[in-house]
Amino acid sequence: MTPWRKLALAASSFAFAGTLSATELETDEQRLAYMIGMDIGQSLRHQGADLDLDTLFEAIRTLYEGGEPAMSQEEAMAIRQAYVAQRQEAQAAQQAAVAATNKAEAEAFLAENAGKEGVVSTASGLQYKVLTQGDGPRPTATDTVTVHYVGTLLDGTEFDSSYSRNEPISFALDRVIPGWTEGVQLMPVGSKYIFWIKPELGYGEGGGGPIPPNSALKFEVELLDIQG
């Protein structure tokens with residue numbers, strides 16, 4: 001039993017016998033209360049906590065009516081801290097499990113992909129394939145380049161695309177993930193390459209935005225220009 005459940009109070013008298021319908025909300029006070037209750041209920045549901053709703057209603061009523069709560073502020077703070085710590089521990093364990101699974105999948109995929117026709121592996125483990133070889137200059141690590149690109153996960157999920165926005169992007173090559181910094185330097189202007197980027201050259205164990213931890217990434221990149 002979790003710490004906050006140990007302090008739960010039996011307050012079954014506050015359980016509702018049935019469910020209100022919209023036609024039973026006759027007054028402004030009822031409608032306002034129900035709206036606030038909807039917000040609270042949705043928030044609690046998203047937290048995923050196992051709550052005794054009778055006890056929850058008891059606490060709300062007591063504090064709302066100015067009564068004496070059944071626990072002190074110090075006790076409440078201790079329970080809150082224990083709950084937050086437990087949630088953080090569970091989330092960390094879940095992320096570690098996802099990261100381990102993704103890393104194993106990335107390693108297996110890249111090992112197989114390295115043997116496919118046209119795929120080149122660099123010393124760092126970056127993999128690429130030339131789709132179109134341009135004849136322009138190659139950028140250096142400190143150059144700013146303009147590219148079109150699309151990025152996907154190994155399952156084909158697209159997480160970013162300048163093509164979808166119909167607008168190329170410019171950035172300094174020393175301000176992006178290592179796989180991009182290394183890979184785009186291989187490309188003459190006018191080229192189009194596919195890059196497969198292992199987690200260590202991408203977003204690593206932490207992931208980033210829509211990218212899960214330890215994800216191998218696939219980018220199709222078209223180098224349009226170098227600003228210098």
# chains A, B, ... in the order shown; residues from 1 in each chain; ligands from 1
$ residues_around --residues "Asn113 (chain A)" --least-positions-apart "4" --cutoff "12 Å" --atoms "only C-alpha atoms" --output "PDB file with N, CA and C atoms, in the first residue's frame"
ATOM      1  N   GLU A 105      17.370  -2.255 -30.429  1.00  0.00           N
ATOM      2  CA  GLU A 105      16.792  -2.219 -31.776  1.00  0.00           C
ATOM      3  C   GLU A 105      17.676  -1.415 -32.729  1.00  0.00           C
ATOM      4  N   ALA A 106      18.225  -0.304 -32.229  1.00  0.00           N
ATOM      5  CA  ALA A 106      19.096   0.526 -33.066  1.00  0.00           C
ATOM      6  C   ALA A 106      20.347  -0.243 -33.477  1.00  0.00           C
ATOM      7  N   GLU A 107      20.955  -0.942 -32.517  1.00  0.00           N
ATOM      8  CA  GLU A 107      22.184  -1.682 -32.813  1.00  0.00           C
ATOM      9  C   GLU A 107      21.917  -2.799 -33.824  1.00  0.00           C
ATOM     10  N   ALA A 108      20.794  -3.489 -33.643  1.00  0.00           N
ATOM     11  CA  ALA A 108      20.466  -4.573 -34.563  1.00  0.00           C
ATOM     12  C   ALA A 108      20.188  -4.037 -35.965  1.00  0.00           C
ATOM     13  N   PHE A 109      19.450  -2.949 -36.039  1.00  0.00           N
ATOM     14  CA  PHE A 109      19.136  -2.373 -37.347  1.00  0.00           C
ATOM     15  C   PHE A 109      20.401  -1.898 -38.054  1.00  0.00           C
ATOM     16  N   GLU A 117      23.563  -2.691 -49.946  1.00  0.00           N
ATOM     17  CA  GLU A 117      24.237  -2.071 -51.096  1.00  0.00           C
ATOM     18  C   GLU A 117      24.162  -0.549 -51.037  1.00  0.00           C
ATOM     19  N   GLY A 118      25.306   0.096 -51.233  1.00  0.00           N
ATOM     20  CA  GLY A 118      25.370   1.543 -51.275  1.00  0.00           C
ATOM     21  C   GLY A 118      25.512   2.222 -49.935  1.00  0.00           C
ATOM     22  N   VAL A 119      25.400   1.480 -48.838  1.00  0.00           N
ATOM     23  CA  VAL A 119      25.505   2.076 -47.504  1.00  0.00           C
ATOM     24  C   VAL A 119      26.965   2.131 -47.089  1.00  0.00           C
ATOM     25  N   VAL A 120      27.411   3.310 -46.670  1.00  0.00           N
ATOM     26  CA  VAL A 120      28.784   3.528 -46.226  1.00  0.00           C
ATOM     27  C   VAL A 120      28.768   3.829 -44.739  1.00  0.00           C
ATOM     28  N   SER A 121      29.676   3.199 -43.979  1.00  0.00           N
ATOM     29  CA  SER A 121      29.799   3.461 -42.541  1.00  0.00           C
ATOM     30  C   SER A 121      31.095   4.212 -42.279  1.00  0.00           C
ATOM     31  N   GLY A 125      30.588   5.488 -36.775  1.00  0.00           N
ATOM     32  CA  GLY A 125      29.373   4.682 -36.793  1.00  0.00           C
ATOM     33  C   GLY A 125      28.239   5.322 -37.572  1.00  0.00           C
ATOM     34  N   LEU A 126      28.449   6.519 -38.075  1.00  0.00           N
ATOM     35  CA  LEU A 126      27.451   7.138 -38.948  1.00  0.00           C
ATOM     36  C   LEU A 126      27.340   6.334 -40.240  1.00  0.00           C
ATOM     37  N   GLN A 127      26.125   6.148 -40.724  1.00  0.00           N
ATOM     38  CA  GLN A 127      25.901   5.467 -41.990  1.00  0.00           C
ATOM     39  C   GLN A 127      25.219   6.413 -42.968  1.00  0.00           C
ATOM     40  N   TYR A 128      25.611   6.297 -44.240  1.00  0.00           N
ATOM     41  CA  TYR A 128      24.972   7.146 -45.245  1.00  0.00           C
ATOM     42  C   TYR A 128      24.922   6.434 -46.590  1.00  0.00           C
ATOM     43  N   LYS A 129      24.030   6.957 -47.417  1.00  0.00           N
ATOM     44  CA  LYS A 129      23.901   6.462 -48.791  1.00  0.00           C
ATOM     45  C   LYS A 129      23.687   7.658 -49.698  1.00  0.00           C
ATOM     46  N   LEU A 154      12.934   4.593 -36.871  1.00  0.00           N
ATOM     47  CA  LEU A 154      13.133   3.345 -37.603  1.00  0.00           C
ATOM     48  C   LEU A 154      11.823   2.709 -38.049  1.00  0.00           C
ATOM     49  N   PHE A 195      20.998   9.575 -44.273  1.00  0.00           N
ATOM     50  CA  PHE A 195      21.848   9.306 -43.117  1.00  0.00           C
ATOM     51  C   PHE A 195      21.088   8.438 -42.123  1.00  0.00           C
ATOM     52  N   TRP A 196      21.780   7.436 -41.574  1.00  0.00           N
ATOM     53  CA  TRP A 196      21.262   6.670 -40.446  1.00  0.00           C
ATOM     54  C   TRP A 196      22.163   6.993 -39.262  1.00  0.00           C
ATOM     55  N   ILE A 197      21.575   7.543 -38.227  1.00  0.00           N
ATOM     56  CA  ILE A 197      22.337   8.108 -37.117  1.00  0.00           C
ATOM     57  C   ILE A 197      22.076   7.300 -35.853  1.00  0.00           C
ATOM     58  N   LYS A 198      23.130   6.726 -35.305  1.00  0.00           N
ATOM     59  CA  LYS A 198      22.981   5.947 -34.079  1.00  0.00           C
ATOM     60  C   LYS A 198      22.681   6.892 -32.908  1.00  0.00           C
ATOM     61  N   ALA A 216      17.609   5.364 -32.941  1.00  0.00           N
ATOM     62  CA  ALA A 216      18.353   5.555 -34.184  1.00  0.00           C
ATOM     63  C   ALA A 216      17.461   6.353 -35.133  1.00  0.00           C
ATOM     64  N   LYS A 218      16.733   8.265 -39.044  1.00  0.00           N
ATOM     65  CA  LYS A 218      16.985   8.284 -40.479  1.00  0.00           C
ATOM     66  C   LYS A 218      16.646   9.670 -41.006  1.00  0.00           C
TER      67      LYS A 218
END
$ residues_around --residues "Phe171 (chain A)" --least-positions-apart "2" --cutoff "8 Å" --atoms "only C-alpha atoms" --output "number ranges by chain"
A: 144-146, 169, 173, 175-176
$ select_by_dssp --residues "chain A" --states "alpha helix (DSSP H)" --output "MDAnalysis selection string"
chainID A and resid 3:6 28:47 53:64 73:113 162:165 178:184
$ residues_around --residues "Ala59 (chain A)" --least-positions-apart "4" --cutoff "9 Å" --atoms "only C-alpha atoms" --output "MDAnalysis selection string"
chainID A and resid 54:55 63:64 69:70
$ closest_residue --among "A:Asp39, A:Glu158, A:Ala100, A:His46" --to "Glu205 (chain A)" --atoms "only C-alpha atoms"
A:Ala100
$ residues_around --residues "Val147 (chain A)" --least-positions-apart "3" --cutoff "6 Å" --atoms "only C-alpha atoms" --output "number ranges by chain"
A: 168-169, 222-224
$ atom_distance --atom1 "CA of Gln47 (chain A)" --atom2 "CA of Gln94 (chain A)"
15.2 Å
$ closest_residue --among "A:Ala111, A:Ile177, A:Arg87, A:Gly190" --to "Gly136 (chain A)" --atoms "only C-alpha atoms"
A:Gly190
$ atom_distance --atom1 "CA of Met77 (chain A)" --atom2 "CA of Ala96 (chain A)"
28.3 Å
$ select_by_dssp --residues "region 91-194 of chain A" --states "strand (DSSP E)" --output "PDB file with C-alpha atoms, in the first residue's frame"
ATOM      1  CA  VAL A 120      28.784   3.528 -46.226  1.00  0.00           C
ATOM      2  CA  SER A 121      29.799   3.461 -42.541  1.00  0.00           C
ATOM      3  CA  GLN A 127      25.901   5.467 -41.990  1.00  0.00           C
ATOM      4  CA  TYR A 128      24.972   7.146 -45.245  1.00  0.00           C
ATOM      5  CA  LYS A 129      23.901   6.462 -48.791  1.00  0.00           C
ATOM      6  CA  VAL A 130      24.280   8.807 -51.762  1.00  0.00           C
ATOM      7  CA  LEU A 131      21.050   9.421 -53.656  1.00  0.00           C
ATOM      8  CA  THR A 132      22.331  12.343 -55.741  1.00  0.00           C
ATOM      9  CA  THR A 144      26.108  27.757 -42.035  1.00  0.00           C
ATOM     10  CA  VAL A 145      24.217  25.645 -44.543  1.00  0.00           C
ATOM     11  CA  THR A 146      20.750  25.617 -46.095  1.00  0.00           C
ATOM     12  CA  VAL A 147      19.068  22.244 -46.449  1.00  0.00           C
ATOM     13  CA  HIS A 148      15.820  20.446 -47.108  1.00  0.00           C
ATOM     14  CA  TYR A 149      15.307  17.310 -45.030  1.00  0.00           C
ATOM     15  CA  VAL A 150      12.904  14.783 -43.588  1.00  0.00           C
ATOM     16  CA  GLY A 151      13.561  12.870 -40.370  1.00  0.00           C
ATOM     17  CA  THR A 152      11.977   9.560 -39.378  1.00  0.00           C
ATOM     18  CA  LEU A 153      12.266   6.915 -36.669  1.00  0.00           C
ATOM     19  CA  GLU A 158       8.064  11.156 -39.403  1.00  0.00           C
ATOM     20  CA  PHE A 159       9.043  13.575 -36.643  1.00  0.00           C
ATOM     21  CA  ASP A 160      10.219  16.559 -38.673  1.00  0.00           C
ATOM     22  CA  SER A 161      10.298  17.726 -42.286  1.00  0.00           C
ATOM     23  CA  ILE A 169      16.170  25.643 -43.096  1.00  0.00           C
ATOM     24  CA  SER A 170      19.556  27.260 -42.449  1.00  0.00           C
ATOM     25  CA  PHE A 171      21.758  26.451 -39.454  1.00  0.00           C
ATOM     26  CA  ALA A 172      25.377  26.386 -38.317  1.00  0.00           C
ATOM     27  CA  LYS A 192      21.014  14.395 -51.597  1.00  0.00           C
ATOM     28  CA  TYR A 193      22.003  11.752 -49.008  1.00  0.00           C
ATOM     29  CA  ILE A 194      20.290   9.408 -46.594  1.00  0.00           C
TER      30      ILE A 194
END
$ closest_atom_pairs --of "region 63-172 of chain A" --to "region 184-187 of chain A" --cutoff "6 Å" --atoms "only C-alpha atoms" --output "Markdown table"
| residue | atom | partner | partner_atom | distance |
| --- | --- | --- | --- | --- |
| A:Arg138 | CA | A:Met187 | CA | 5.7 |
| A:Pro139 | CA | A:Gln185 | CA | 5.2 |
| A:Thr140 | CA | A:Gln185 | CA | 5.8 |
$ atom_distance --atom1 "CA of Gln91 (chain A)" --atom2 "CA of Leu56 (chain A)"
24.5 Å
$ residues_around --residues "Gly206 (chain A)" --least-positions-apart "4" --cutoff "10 Å" --atoms "only C-alpha atoms" --output "PyMOL selection string"
chain A and resi 95-96+99+199+211-215
$ write_last_selection --atoms "N, CA and C atoms" --output "PDB file, in the first residue's frame"
ATOM      1  N   GLN A  95      11.448   5.075 -18.502  1.00  0.00           N
ATOM      2  CA  GLN A  95      12.306   5.645 -19.537  1.00  0.00           C
ATOM      3  C   GLN A  95      13.547   4.786 -19.754  1.00  0.00           C
ATOM      4  N   ALA A  96      14.108   4.236 -18.648  1.00  0.00           N
ATOM      5  CA  ALA A  96      15.284   3.381 -18.779  1.00  0.00           C
ATOM      6  C   ALA A  96      14.955   2.123 -19.577  1.00  0.00           C
ATOM      7  N   ALA A  99      14.620   3.122 -23.196  1.00  0.00           N
ATOM      8  CA  ALA A  99      15.942   3.427 -23.743  1.00  0.00           C
ATOM      9  C   ALA A  99      16.712   2.146 -24.049  1.00  0.00           C
ATOM     10  N   PRO A 199      22.132   6.360 -31.809  1.00  0.00           N
ATOM     11  CA  PRO A 199      21.709   7.232 -30.703  1.00  0.00           C
ATOM     12  C   PRO A 199      22.810   8.158 -30.180  1.00  0.00           C
ATOM     13  N   ILE A 211      11.212  12.503 -30.174  1.00  0.00           N
ATOM     14  CA  ILE A 211      12.194  11.439 -30.374  1.00  0.00           C
ATOM     15  C   ILE A 211      12.417  10.692 -29.068  1.00  0.00           C
ATOM     16  N   PRO A 212      12.048   9.424 -28.991  1.00  0.00           N
ATOM     17  CA  PRO A 212      12.227   8.643 -27.759  1.00  0.00           C
ATOM     18  C   PRO A 212      13.708   8.453 -27.429  1.00  0.00           C
ATOM     19  N   PRO A 213      14.021   8.102 -26.182  1.00  0.00           N
ATOM     20  CA  PRO A 213      15.427   7.909 -25.793  1.00  0.00           C
ATOM     21  C   PRO A 213      16.092   6.785 -26.581  1.00  0.00           C
ATOM     22  N   ASN A 214      17.372   6.989 -26.870  1.00  0.00           N
ATOM     23  CA  ASN A 214      18.201   5.991 -27.575  1.00  0.00           C
ATOM     24  C   ASN A 214      17.615   5.561 -28.912  1.00  0.00           C
ATOM     25  N   SER A 215      17.043   6.500 -29.637  1.00  0.00           N
ATOM     26  CA  SER A 215      16.489   6.185 -30.953  1.00  0.00           C
ATOM     27  C   SER A 215      17.543   6.342 -32.039  1.00  0.00           C
TER      28      SER A 215
END
$ decode --residues "region 107-119 of chain A" --atoms "N, CA, C and O atoms" --output "PDB file, in the first residue's frame"
ATOM      1  N   GLU A 107      20.955  -0.942 -32.517  1.00  0.00           N
ATOM      2  CA  GLU A 107      22.184  -1.682 -32.813  1.00  0.00           C
ATOM      3  C   GLU A 107      21.917  -2.799 -33.824  1.00  0.00           C
ATOM      4  O   GLU A 107      22.706  -3.021 -34.744  1.00  0.00           O
ATOM      5  N   ALA A 108      20.794  -3.489 -33.643  1.00  0.00           N
ATOM      6  CA  ALA A 108      20.466  -4.573 -34.563  1.00  0.00           C
ATOM      7  C   ALA A 108      20.188  -4.037 -35.965  1.00  0.00           C
ATOM      8  O   ALA A 108      20.657  -4.607 -36.971  1.00  0.00           O
ATOM      9  N   PHE A 109      19.450  -2.949 -36.039  1.00  0.00           N
ATOM     10  CA  PHE A 109      19.136  -2.373 -37.347  1.00  0.00           C
ATOM     11  C   PHE A 109      20.401  -1.898 -38.054  1.00  0.00           C
ATOM     12  O   PHE A 109      20.607  -2.189 -39.249  1.00  0.00           O
ATOM     13  N   LEU A 110      21.246  -1.159 -37.346  1.00  0.00           N
ATOM     14  CA  LEU A 110      22.430  -0.590 -37.979  1.00  0.00           C
ATOM     15  C   LEU A 110      23.417  -1.678 -38.403  1.00  0.00           C
ATOM     16  O   LEU A 110      24.102  -1.537 -39.428  1.00  0.00           O
ATOM     17  N   ALA A 111      23.488  -2.763 -37.625  1.00  0.00           N
ATOM     18  CA  ALA A 111      24.369  -3.865 -38.005  1.00  0.00           C
ATOM     19  C   ALA A 111      23.911  -4.489 -39.325  1.00  0.00           C
ATOM     20  O   ALA A 111      24.734  -4.806 -40.197  1.00  0.00           O
ATOM     21  N   GLU A 112      22.620  -4.655 -39.466  1.00  0.00           N
ATOM     22  CA  GLU A 112      22.090  -5.203 -40.718  1.00  0.00           C
ATOM     23  C   GLU A 112      22.197  -4.199 -41.855  1.00  0.00           C
ATOM     24  O   GLU A 112      22.565  -4.539 -42.986  1.00  0.00           O
ATOM     25  N   ASN A 113      21.883  -2.939 -41.549  1.00  0.00           N
ATOM     26  CA  ASN A 113      21.879  -1.906 -42.593  1.00  0.00           C
ATOM     27  C   ASN A 113      23.267  -1.680 -43.178  1.00  0.00           C
ATOM     28  O   ASN A 113      23.406  -1.348 -44.365  1.00  0.00           O
ATOM     29  N   ALA A 114      24.302  -1.876 -42.352  1.00  0.00           N
ATOM     30  CA  ALA A 114      25.677  -1.634 -42.810  1.00  0.00           C
ATOM     31  C   ALA A 114      26.059  -2.524 -43.984  1.00  0.00           C
ATOM     32  O   ALA A 114      26.930  -2.165 -44.794  1.00  0.00           O
ATOM     33  N   GLY A 115      25.417  -3.681 -44.101  1.00  0.00           N
ATOM     34  CA  GLY A 115      25.762  -4.589 -45.184  1.00  0.00           C
ATOM     35  C   GLY A 115      24.961  -4.392 -46.449  1.00  0.00           C
ATOM     36  O   GLY A 115      25.165  -5.113 -47.433  1.00  0.00           O
ATOM     37  N   LYS A 116      24.060  -3.428 -46.468  1.00  0.00           N
ATOM     38  CA  LYS A 116      23.222  -3.233 -47.649  1.00  0.00           C
ATOM     39  C   LYS A 116      23.979  -2.464 -48.737  1.00  0.00           C
ATOM     40  O   LYS A 116      24.884  -1.673 -48.448  1.00  0.00           O
ATOM     41  N   GLU A 117      23.563  -2.691 -49.946  1.00  0.00           N
ATOM     42  CA  GLU A 117      24.237  -2.071 -51.096  1.00  0.00           C
ATOM     43  C   GLU A 117      24.162  -0.549 -51.037  1.00  0.00           C
ATOM     44  O   GLU A 117      23.098   0.039 -50.789  1.00  0.00           O
ATOM     45  N   GLY A 118      25.306   0.096 -51.233  1.00  0.00           N
ATOM     46  CA  GLY A 118      25.370   1.543 -51.275  1.00  0.00           C
ATOM     47  C   GLY A 118      25.512   2.222 -49.935  1.00  0.00           C
ATOM     48  O   GLY A 118      25.716   3.440 -49.871  1.00  0.00           O
ATOM     49  N   VAL A 119      25.400   1.480 -48.838  1.00  0.00           N
ATOM     50  CA  VAL A 119      25.505   2.076 -47.504  1.00  0.00           C
ATOM     51  C   VAL A 119      26.965   2.131 -47.089  1.00  0.00           C
ATOM     52  O   VAL A 119      27.679   1.117 -47.129  1.00  0.00           O
TER      53      VAL A 119
END
